Amino acid sequence: PALQAHFDAVIDADGKIEPRDWMPEAYRKTLVRQISQHAHSEIVGMLPEGNWISRAPSLKRKAILLAKVQDEGGHGLYLYSAAETLGTSRDQMVEALHSGRAKYSSIFNYPTLTWADVGVIGWLVDGAAIMNQIPLCRCSYGPYARAMIRVCKEESFHQRQGYESLLTMMQGTDEQKAMVQDAVNRWWWKCLAMFGPPDDNSPNSVQGMRWGIKRISNDALRQKFVDATVPQAEVLGVTLPDPELKWNAERGQHDFGAIDWDEFWQVVNGNGPCNKERLATRVKAWEDGAWVREAALAHARKQAQRTMKEAA
Amino acid sequence: PALQAHFDAVIDADGKIEPRDWMPEAYRKTLVRQISQHAHSEIVGMLPEGNWISRAPSLKRKAILLAKVQDEGGHGLYLYSAAETLGTSRDQMVEALHSGRAKYSSIFNYPTLTWADVGVIGWLVDGAAIMNQIPLCRCSYGPYARAMIRVCKEESFHQRQGYESLLTMMQGTDEQKAMVQDAVNRWWWKCLAMFGPPDDNSPNSVQGMRWGIKRISNDALRQKFVDATVPQAEVLGVTLPDPELKWNAERGQHDFGAIDWDEFWQVVNGNGPCNKERLATRVKAWEDGAWVREAALAHARKQAQRTMKEAA
Amino acid sequence: MGAGDSAPVDYLLHLADNALVLGQRNAEWCGHGPILEEDLALANHALDHLGQARLLYQHAARCINAEPAQAQRFAHLQGARADGALTEDSLAYFRATHEFRNFTLLELPHHGPLAGPARADRDFATTTVRNVLYAALMNLWWERLQASADPQLAAIAAKSLKEVRYHLSHAGDWLVRLGDGTDESRARAQAALDHLMPHTQEFWTGDEAESAAVANGTGVALAELKPAWDALLDEVLAEATLRRPADGGYVTQGKRGLHSEHMGFLLAEMQSLAREHPQAVW
Amino acid sequence: MGAGDSAPVDYLLHLADNALVLGQRNAEWCGHGPILEEDLALANHALDHLGQARLLYQHAARCINAEPAQAQRFAHLQGARADGALTEDSLAYFRATHEFRNFTLLELPHHGPLAGPARADRDFATTTVRNVLYAALMNLWWERLQASADPQLAAIAAKSLKEVRYHLSHAGDWLVRLGDGTDESRARAQAALDHLMPHTQEFWTGDEAESAAVANGTGVALAELKPAWDALLDEVLAEATLRRPADGGYVTQGKRGLHSEHMGFLLAEMQSLAREHPQAVW
């Protein structure tokens, strides 16, 4: 009770909870789930973009993409570390992912069908992720907030590079322009859904806001994203595939059409184009790599024994 | 002794020895080795050409190549069957190949580096093989001779198709012409070596001729091949890479340069570009396929038991 | 519904792309099969499919060349033209991934679900299950197409039907051996079936090309064939002692040009040499 | 031996192709590595090599553009030109297999000897052994090239040397873990070493490009580096408790454009999109 009061006071003052602080079990559990799933998203997210590393059409773009995917892996590492401060382990988190108990961002359950998808993912998927993550930089849990600051900085860079790649294509050949427009048509609605269900359908959000984990509502973030992105699309010269999208002068925001939540939930629940492939690929990498991890362990033990012998 | 006399009489009369006939053990062993190695050559030979099926540059050429490789597999089947009439089994022969005890034609230890290699293999490798095999159609051992007749017919067809493919390329773009000439440069000398070492270095040939297995000497076949091929090269418009190659009016045949027998023996003995790859690929196919063969066996047994139960 | 109408170009391309892509996949076993006889059988199937693809592409090319709107639609395909006219090779080697109209089922590598750049051994059970699922469909589909108002398509159907009867019986026999063989073979066959069955939902969804073909009497609404396909499948699965997976899951859209991540890699390899020499004749 | 002479174009391309091809292979592990940290390490190595390749290709392109005979020699490379001039991408994406000058060692897939179209899992031991063999060479080679009479090459060497010191220590540490880890890891490492070691014979054979580079002071006769390379290798193999294979066997010739069957497939994938849009800027 005194601990709870102290905890509440820190939260109310927009302070930071650190690993050594007392926290409600539900707060800890929520954060473990959220942070680890964020980490899983970064790792699984390496796959749709990694799909194009070998075929990147110029050395510069290959380097940019490889660096981006490497950064994403690095983000996964920071986030796994942040989650570990809450009393879980990498092996436990990976096991939860591989068994299907833990989720990852459903946006990565779609295939990257063309090179333009890579640029669109940078522009829109990273763009949406950043919009989701900037508020998390003020998250009440210290390690998560600090990880988010590092992640957001790098992801802003990725977003700019993705957008720049699209800009180049939109000044290019007819095939390149068509490729970009086609990619936008396929990804736009899925990116809008990344902000999660409408506020009146999001029960978890309330508690999240009470704990200083969630700062801004799904719908508010989604609206911000649309308003930020529309002018970017105009500069690019692409049409966002929504006939109802238009500026509403009264609201001072853009009106936009209805998201297909049935499709969203289908995919979240396992029935997307790539769900099985993404998870199976991660499981295979883990299982195929078991002998490597065992070797590292065995060698470390041998080294430890040699060191002890020498000390003796 | 009476059996031996009968055997010798058949051989001397250019007759046929059939599976039920008595034959010297050495004759049987020689034939098992030769026929099985011929079969192995057909099977391993599917690999260098099979390398280009997925990338054949037109649907017509893809079909022709696929049919050719399929025919080669079929030749392997005929030949394994012919060898089995001499008291060996497919499993034993495959084991001999995979363990390295049995050999296959060393021409298949070279890589197919370009599409033109496929046409050149048809023209020159099949051409040399046909020249080696036509005399075998009169081989004293019936099953082998009959297999050879079928094989030669199909391989003549393959040779014409390979040649026709090269003719088309030589009437094509500069890149195509260069590709053909480069392939010829790489394969010519290796094809000359296919006829085996010079007669004065071929101790096995003597016994082979005594038994009606080998009809014409290595050097004689090689000479025939050169004489047949030079005009074909002229029609194609390619240069055979031998500065010493020229018509010798006195002999009524072409003179040609010296073959690098050191390189030949190095490759025969395991040190070619693809020896390890060829054998490892066959071994992998066999090992990876074990569960399939076991399933077929298990199912056949179940079927047999069901049949017996029904009959009972 | 005029006798002698051609089937819609996209319908012909759908049929052709199915045949080409499956032929490409089956041919990958050449030299790597579990038994020599099966190496040859798969090569034979691949040759049959390649032959069907060629006839269909040739027919499609003639249709495209003869109709200005279609010729315009494919004007960007400059490779492998003959005197300016589109050929079978223009269609096979110079279209981009999104222009291919094959069922996604047929482009998958011979193993369980994995992302595009993953590497794994080829699995004969996956190949066998896929061949059964598709051959069962084609038996019924070619049979109906013998009555197509498009005479070329009807002729192609008659020829192809003979071939695919053998494909179905051969692949079906293998599925029975695997399903009712060893524990390992059954496990592999069941896993392959669980993986591939959802990809067959795409057979029944219909699309604009199919509707147009049905409208001019040249084609068939595949949904009509589902009961017979179900019956064929249930029969062979029963004999193979395999469990038919429940319906459901993502419905693929390869026939609309929305492929898996595998299609791009398949085409990159298949088209590489032709695209390197776009004006060459082979 | 003029100060400021450029290294021969073929020498630069050999160095660049080595870096590009190994970078391409190491990048294949991205998302598939045995440990997340190693996924990132391999991506990092690949990025370093890609960076080296880019600098070398850019330098080579400038040399080619500046010299009429070379420009003529590469006139057939029409893709990715900038205002008619050759670029790094023209060289990387539009040359044919036989024009690439990388050591064969670097183009091999991450598994034991198999024919081109075979499919198998990726093996981390193969990757590690290859990286050690090559990084050991590059430590010595870049070190000498810091004194190249070609100032651009000397600068590239200085930058690359820092990177490759880390590559060698990282890969060497892993080779020790694998060799002196479990029985399985030792068996895999030994098999990889037995497979790959003969491919290093190509390092020492010299060729016209190397001779020309030595002649104008821009390059190094690699044979001079062999004793030091042997020493580096023997040291890490001893610590890894691995047996150094006997010398001998086929000597590969990738640097002369005579590759394995794997190179064609690597390039088909790598170049596919660029070749599909040869005039596009990305």
# chains A, B, ... in the order shown; residues from 1 in each chain; ligands from 1
call {"tool": "select_by_dssp", "arguments": {"residues": "region 42-275 of chain B", "states": "alpha helix (DSSP H)", "output": "ChimeraX atom specification"}}
result
/B:42-44,46-50,59-84,90-99,115-120,126-133,142-170,174-193,203-210,218-236,261-266,275
call {"tool": "residues_around", "arguments": {"residues": "Ala102 (chain B)", "least_positions_apart": "6", "cutoff": "9 Å", "atoms": "only C-alpha atoms", "output": "ChimeraX atom specification"}}
result
/B:33,36-37,40,93-96
call {"tool": "residues_around", "arguments": {"residues": "Leu145 (chain C)", "least_positions_apart": "2", "cutoff": "12 Å", "atoms": "only C-alpha atoms", "output": "ChimeraX atom specification"}}
result
/C:7,11-12,15,138-143,147-161,213-214,217-222,225
call {"tool": "write_last_selection", "arguments": {"atoms": "C-alpha atoms", "output": "PDB file, in the first residue's frame"}}
result
ATOM      1  CA  ALA C   7     -11.028 -17.225 -74.672  1.00  0.00           C
ATOM      2  CA  TYR C  11      -7.922 -16.586 -68.957  1.00  0.00           C
ATOM      3  CA  LEU C  12      -5.426 -18.120 -71.355  1.00  0.00           C
ATOM      4  CA  LEU C  15      -3.941 -21.440 -67.650  1.00  0.00           C
ATOM      5  CA  MET C 138      -7.046 -30.084 -64.034  1.00  0.00           C
ATOM      6  CA  ASN C 139      -8.709 -33.425 -64.699  1.00  0.00           C
ATOM      7  CA  LEU C 140     -12.041 -31.775 -64.126  1.00  0.00           C
ATOM      8  CA  TRP C 141     -11.161 -28.441 -65.725  1.00  0.00           C
ATOM      9  CA  TRP C 142      -9.617 -29.779 -68.958  1.00  0.00           C
ATOM     10  CA  GLU C 143     -12.498 -32.181 -69.254  1.00  0.00           C
ATOM     11  CA  ALA C 147     -16.334 -28.119 -74.905  1.00  0.00           C
ATOM     12  CA  SER C 148     -14.876 -24.621 -74.969  1.00  0.00           C
ATOM     13  CA  ALA C 149     -16.235 -22.331 -77.668  1.00  0.00           C
ATOM     14  CA  ASP C 150     -12.587 -21.501 -78.348  1.00  0.00           C
ATOM     15  CA  PRO C 151     -11.517 -24.288 -80.712  1.00  0.00           C
ATOM     16  CA  GLN C 152      -7.792 -23.958 -79.970  1.00  0.00           C
ATOM     17  CA  LEU C 153      -8.457 -24.126 -76.274  1.00  0.00           C
ATOM     18  CA  ALA C 154     -10.703 -27.128 -76.764  1.00  0.00           C
ATOM     19  CA  ALA C 155      -7.958 -28.898 -78.697  1.00  0.00           C
ATOM     20  CA  ILE C 156      -5.379 -28.064 -76.039  1.00  0.00           C
ATOM     21  CA  ALA C 157      -7.789 -29.361 -73.434  1.00  0.00           C
ATOM     22  CA  ALA C 158      -8.206 -32.698 -75.187  1.00  0.00           C
ATOM     23  CA  LYS C 159      -4.472 -33.234 -75.390  1.00  0.00           C
ATOM     24  CA  SER C 160      -3.831 -32.029 -71.853  1.00  0.00           C
ATOM     25  CA  LEU C 161      -6.556 -34.173 -70.357  1.00  0.00           C
ATOM     26  CA  ALA C 213     -14.670 -16.720 -70.214  1.00  0.00           C
ATOM     27  CA  VAL C 214     -17.868 -18.181 -68.857  1.00  0.00           C
ATOM     28  CA  GLY C 217     -18.649 -19.943 -73.562  1.00  0.00           C
ATOM     29  CA  THR C 218     -14.915 -20.421 -73.670  1.00  0.00           C
ATOM     30  CA  GLY C 219     -14.399 -21.136 -69.997  1.00  0.00           C
ATOM     31  CA  VAL C 220     -15.681 -22.738 -66.830  1.00  0.00           C
ATOM     32  CA  ALA C 221     -16.706 -21.418 -63.418  1.00  0.00           C
ATOM     33  CA  LEU C 222     -14.359 -23.483 -61.284  1.00  0.00           C
ATOM     34  CA  LEU C 225     -16.055 -28.287 -60.089  1.00  0.00           C
TER      35      LEU C 225
END
call {"tool": "interface_residues", "arguments": {"of": "chain B", "to": "chain D", "cutoff": "12 Å", "atoms": "only C-alpha atoms", "output": "number ranges by chain"}}
result
B: 44-55, 108-115, 117, 174-175, 178-179, 182-183, 186, 263-285, 288
call {"tool": "closest_atom_pairs", "arguments": {"of": "chain D", "to": "chain C", "cutoff": "12 Å", "atoms": "only C-alpha atoms", "output": "tab-separated table"}}
result
residue	atom	partner	partner_atom	distance
D:Arg25	CA	C:Pro117	CA	11.7
D:Ala27	CA	C:Pro117	CA	10.6
D:Glu28	CA	C:Pro117	CA	7.4
D:Trp29	CA	C:Ala118	CA	8.8
D:Cys30	CA	C:Pro117	CA	9.3
D:Gly31	CA	C:Ala118	CA	9.0
D:His32	CA	C:Ala118	CA	7.3
D:Gly33	CA	C:Ala118	CA	10.7
D:His76	CA	C:His277	CA	11.8
D:Leu77	CA	C:Glu276	CA	11.1
D:Gln78	CA	C:Glu276	CA	11.6
D:Gly79	CA	C:Glu276	CA	11.0
D:Tyr93	CA	C:Glu276	CA	10.8
D:Phe94	CA	C:Glu276	CA	8.6
D:Arg95	CA	C:Glu276	CA	9.7
D:Ala96	CA	C:Glu276	CA	8.5
D:Thr97	CA	C:Leu273	CA	10.9
D:Pro109	CA	C:Arg119	CA	10.4
D:His110	CA	C:Arg119	CA	9.9
D:His111	CA	C:Arg119	CA	10.7
D:Leu114	CA	C:His32	CA	10.9
D:Ala115	CA	C:Gly31	CA	9.8
D:Gly116	CA	C:Glu28	CA	11.0
D:Pro117	CA	C:Glu28	CA	7.4
D:Ala118	CA	C:His32	CA	7.3
D:Arg119	CA	C:Asp121	CA	5.3
D:Ala120	CA	C:Asp121	CA	4.6
D:Asp121	CA	C:Ala120	CA	4.6
D:Arg122	CA	C:Arg119	CA	6.5
D:Asp123	CA	C:Arg119	CA	10.3
D:Gly264	CA	C:Ser272	CA	9.4
D:Phe265	CA	C:Glu269	CA	7.0
D:Leu266	CA	C:Glu269	CA	9.3
D:Leu267	CA	C:Ser272	CA	8.9
D:Ala268	CA	C:Ser272	CA	5.5
D:Glu269	CA	C:Ala268	CA	5.8
D:Met270	CA	C:Ala268	CA	8.8
D:Gln271	CA	C:Ser272	CA	8.5
D:Ser272	CA	C:Ala268	CA	5.5
D:Leu273	CA	C:Ala268	CA	7.9
D:Ala274	CA	C:Arg275	CA	10.8
D:Arg275	CA	C:Glu276	CA	7.2
D:Glu276	CA	C:Arg275	CA	7.2
D:His277	CA	C:Arg275	CA	10.3
D:Pro278	CA	C:Glu276	CA	10.3
call {"tool": "atom_distance", "arguments": {"atom1": "CA of Leu133 (chain C)", "atom2": "CA of Glu99 (chain C)"}}
result
23.9 Å
call {"tool": "decode", "arguments": {"residues": "region 170-191 of chain B", "atoms": "N, CA, C and O atoms", "output": "PDB file, in the first residue's frame"}}
result
ATOM      1  N   MET B 170      25.064 -18.780 -83.520  1.00  0.00           N
ATOM      2  CA  MET B 170      26.123 -18.238 -84.381  1.00  0.00           C
ATOM      3  C   MET B 170      25.570 -17.321 -85.464  1.00  0.00           C
ATOM      4  O   MET B 170      26.335 -16.638 -86.149  1.00  0.00           O
ATOM      5  N   GLN B 171      24.255 -17.333 -85.625  1.00  0.00           N
ATOM      6  CA  GLN B 171      23.627 -16.393 -86.561  1.00  0.00           C
ATOM      7  C   GLN B 171      22.992 -15.233 -85.792  1.00  0.00           C
ATOM      8  O   GLN B 171      22.221 -14.456 -86.336  1.00  0.00           O
ATOM      9  N   GLY B 172      23.323 -15.155 -84.525  1.00  0.00           N
ATOM     10  CA  GLY B 172      22.644 -14.197 -83.654  1.00  0.00           C
ATOM     11  C   GLY B 172      23.491 -12.981 -83.304  1.00  0.00           C
ATOM     12  O   GLY B 172      24.183 -12.424 -84.149  1.00  0.00           O
ATOM     13  N   THR B 173      23.399 -12.593 -82.040  1.00  0.00           N
ATOM     14  CA  THR B 173      24.076 -11.378 -81.599  1.00  0.00           C
ATOM     15  C   THR B 173      25.569 -11.641 -81.388  1.00  0.00           C
ATOM     16  O   THR B 173      26.004 -12.790 -81.286  1.00  0.00           O
ATOM     17  N   ASP B 174      26.324 -10.573 -81.284  1.00  0.00           N
ATOM     18  CA  ASP B 174      27.757 -10.704 -81.018  1.00  0.00           C
ATOM     19  C   ASP B 174      27.998 -11.440 -79.696  1.00  0.00           C
ATOM     20  O   ASP B 174      28.923 -12.252 -79.587  1.00  0.00           O
ATOM     21  N   GLU B 175      27.152 -11.151 -78.699  1.00  0.00           N
ATOM     22  CA  GLU B 175      27.330 -11.820 -77.407  1.00  0.00           C
ATOM     23  C   GLU B 175      27.113 -13.325 -77.541  1.00  0.00           C
ATOM     24  O   GLU B 175      27.829 -14.121 -76.928  1.00  0.00           O
ATOM     25  N   GLN B 176      26.096 -13.698 -78.342  1.00  0.00           N
ATOM     26  CA  GLN B 176      25.836 -15.121 -78.529  1.00  0.00           C
ATOM     27  C   GLN B 176      27.004 -15.804 -79.232  1.00  0.00           C
ATOM     28  O   GLN B 176      27.429 -16.903 -78.838  1.00  0.00           O
ATOM     29  N   LYS B 177      27.529 -15.148 -80.259  1.00  0.00           N
ATOM     30  CA  LYS B 177      28.665 -15.737 -80.973  1.00  0.00           C
ATOM     31  C   LYS B 177      29.871 -15.908 -80.049  1.00  0.00           C
ATOM     32  O   LYS B 177      30.536 -16.943 -80.051  1.00  0.00           O
ATOM     33  N   ALA B 178      30.117 -14.878 -79.252  1.00  0.00           N
ATOM     34  CA  ALA B 178      31.257 -14.948 -78.324  1.00  0.00           C
ATOM     35  C   ALA B 178      31.038 -16.054 -77.305  1.00  0.00           C
ATOM     36  O   ALA B 178      31.978 -16.760 -76.913  1.00  0.00           O
ATOM     37  N   MET B 179      29.795 -16.205 -76.872  1.00  0.00           N
ATOM     38  CA  MET B 179      29.470 -17.246 -75.893  1.00  0.00           C
ATOM     39  C   MET B 179      29.769 -18.628 -76.470  1.00  0.00           C
ATOM     40  O   MET B 179      30.334 -19.499 -75.791  1.00  0.00           O
ATOM     41  N   VAL B 180      29.395 -18.851 -77.726  1.00  0.00           N
ATOM     42  CA  VAL B 180      29.624 -20.149 -78.356  1.00  0.00           C
ATOM     43  C   VAL B 180      31.120 -20.406 -78.514  1.00  0.00           C
ATOM     44  O   VAL B 180      31.616 -21.477 -78.168  1.00  0.00           O
ATOM     45  N   GLN B 181      31.837 -19.427 -79.019  1.00  0.00           N
ATOM     46  CA  GLN B 181      33.279 -19.618 -79.225  1.00  0.00           C
ATOM     47  C   GLN B 181      33.973 -19.905 -77.892  1.00  0.00           C
ATOM     48  O   GLN B 181      34.839 -20.786 -77.811  1.00  0.00           O
ATOM     49  N   ASP B 182      33.575 -19.169 -76.857  1.00  0.00           N
ATOM     50  CA  ASP B 182      34.171 -19.386 -75.532  1.00  0.00           C
ATOM     51  C   ASP B 182      33.890 -20.808 -75.025  1.00  0.00           C
ATOM     52  O   ASP B 182      34.779 -21.475 -74.491  1.00  0.00           O
ATOM     53  N   ALA B 183      32.663 -21.289 -75.250  1.00  0.00           N
ATOM     54  CA  ALA B 183      32.326 -22.645 -74.811  1.00  0.00           C
ATOM     55  C   ALA B 183      33.149 -23.676 -75.574  1.00  0.00           C
ATOM     56  O   ALA B 183      33.653 -24.648 -75.001  1.00  0.00           O
ATOM     57  N   VAL B 184      33.270 -23.461 -76.876  1.00  0.00           N
ATOM     58  CA  VAL B 184      34.080 -24.374 -77.693  1.00  0.00           C
ATOM     59  C   VAL B 184      35.516 -24.384 -77.183  1.00  0.00           C
ATOM     60  O   VAL B 184      36.131 -25.440 -77.046  1.00  0.00           O
ATOM     61  N   ASN B 185      36.044 -23.214 -76.896  1.00  0.00           N
ATOM     62  CA  ASN B 185      37.422 -23.132 -76.397  1.00  0.00           C
ATOM     63  C   ASN B 185      37.616 -23.958 -75.133  1.00  0.00           C
ATOM     64  O   ASN B 185      38.661 -24.572 -74.927  1.00  0.00           O
ATOM     65  N   ARG B 186      36.596 -23.965 -74.274  1.00  0.00           N
ATOM     66  CA  ARG B 186      36.748 -24.665 -72.995  1.00  0.00           C
ATOM     67  C   ARG B 186      36.511 -26.167 -73.106  1.00  0.00           C
ATOM     68  O   ARG B 186      37.080 -26.954 -72.335  1.00  0.00           O
ATOM     69  N   TRP B 187      35.663 -26.597 -74.051  1.00  0.00           N
ATOM     70  CA  TRP B 187      35.281 -28.013 -74.090  1.00  0.00           C
ATOM     71  C   TRP B 187      36.026 -28.866 -75.107  1.00  0.00           C
ATOM     72  O   TRP B 187      36.073 -30.099 -74.969  1.00  0.00           O
ATOM     73  N   TRP B 188      36.597 -28.255 -76.137  1.00  0.00           N
ATOM     74  CA  TRP B 188      37.167 -29.033 -77.231  1.00  0.00           C
ATOM     75  C   TRP B 188      38.164 -30.088 -76.773  1.00  0.00           C
ATOM     76  O   TRP B 188      37.996 -31.284 -77.061  1.00  0.00           O
ATOM     77  N   TRP B 189      39.203 -29.651 -76.075  1.00  0.00           N
ATOM     78  CA  TRP B 189      40.259 -30.579 -75.696  1.00  0.00           C
ATOM     79  C   TRP B 189      39.747 -31.653 -74.739  1.00  0.00           C
ATOM     80  O   TRP B 189      40.177 -32.814 -74.782  1.00  0.00           O
ATOM     81  N   LYS B 190      38.794 -31.261 -73.885  1.00  0.00           N
ATOM     82  CA  LYS B 190      38.262 -32.245 -72.939  1.00  0.00           C
ATOM     83  C   LYS B 190      37.488 -33.334 -73.682  1.00  0.00           C
ATOM     84  O   LYS B 190      37.493 -34.496 -73.290  1.00  0.00           O
ATOM     85  N   CYS B 191      36.828 -32.957 -74.762  1.00  0.00           N
ATOM     86  CA  CYS B 191      36.078 -33.936 -75.547  1.00  0.00           C
ATOM     87  C   CYS B 191      37.024 -34.879 -76.279  1.00  0.00           C
ATOM     88  O   CYS B 191      36.759 -36.078 -76.379  1.00  0.00           O
TER      89      CYS B 191
END
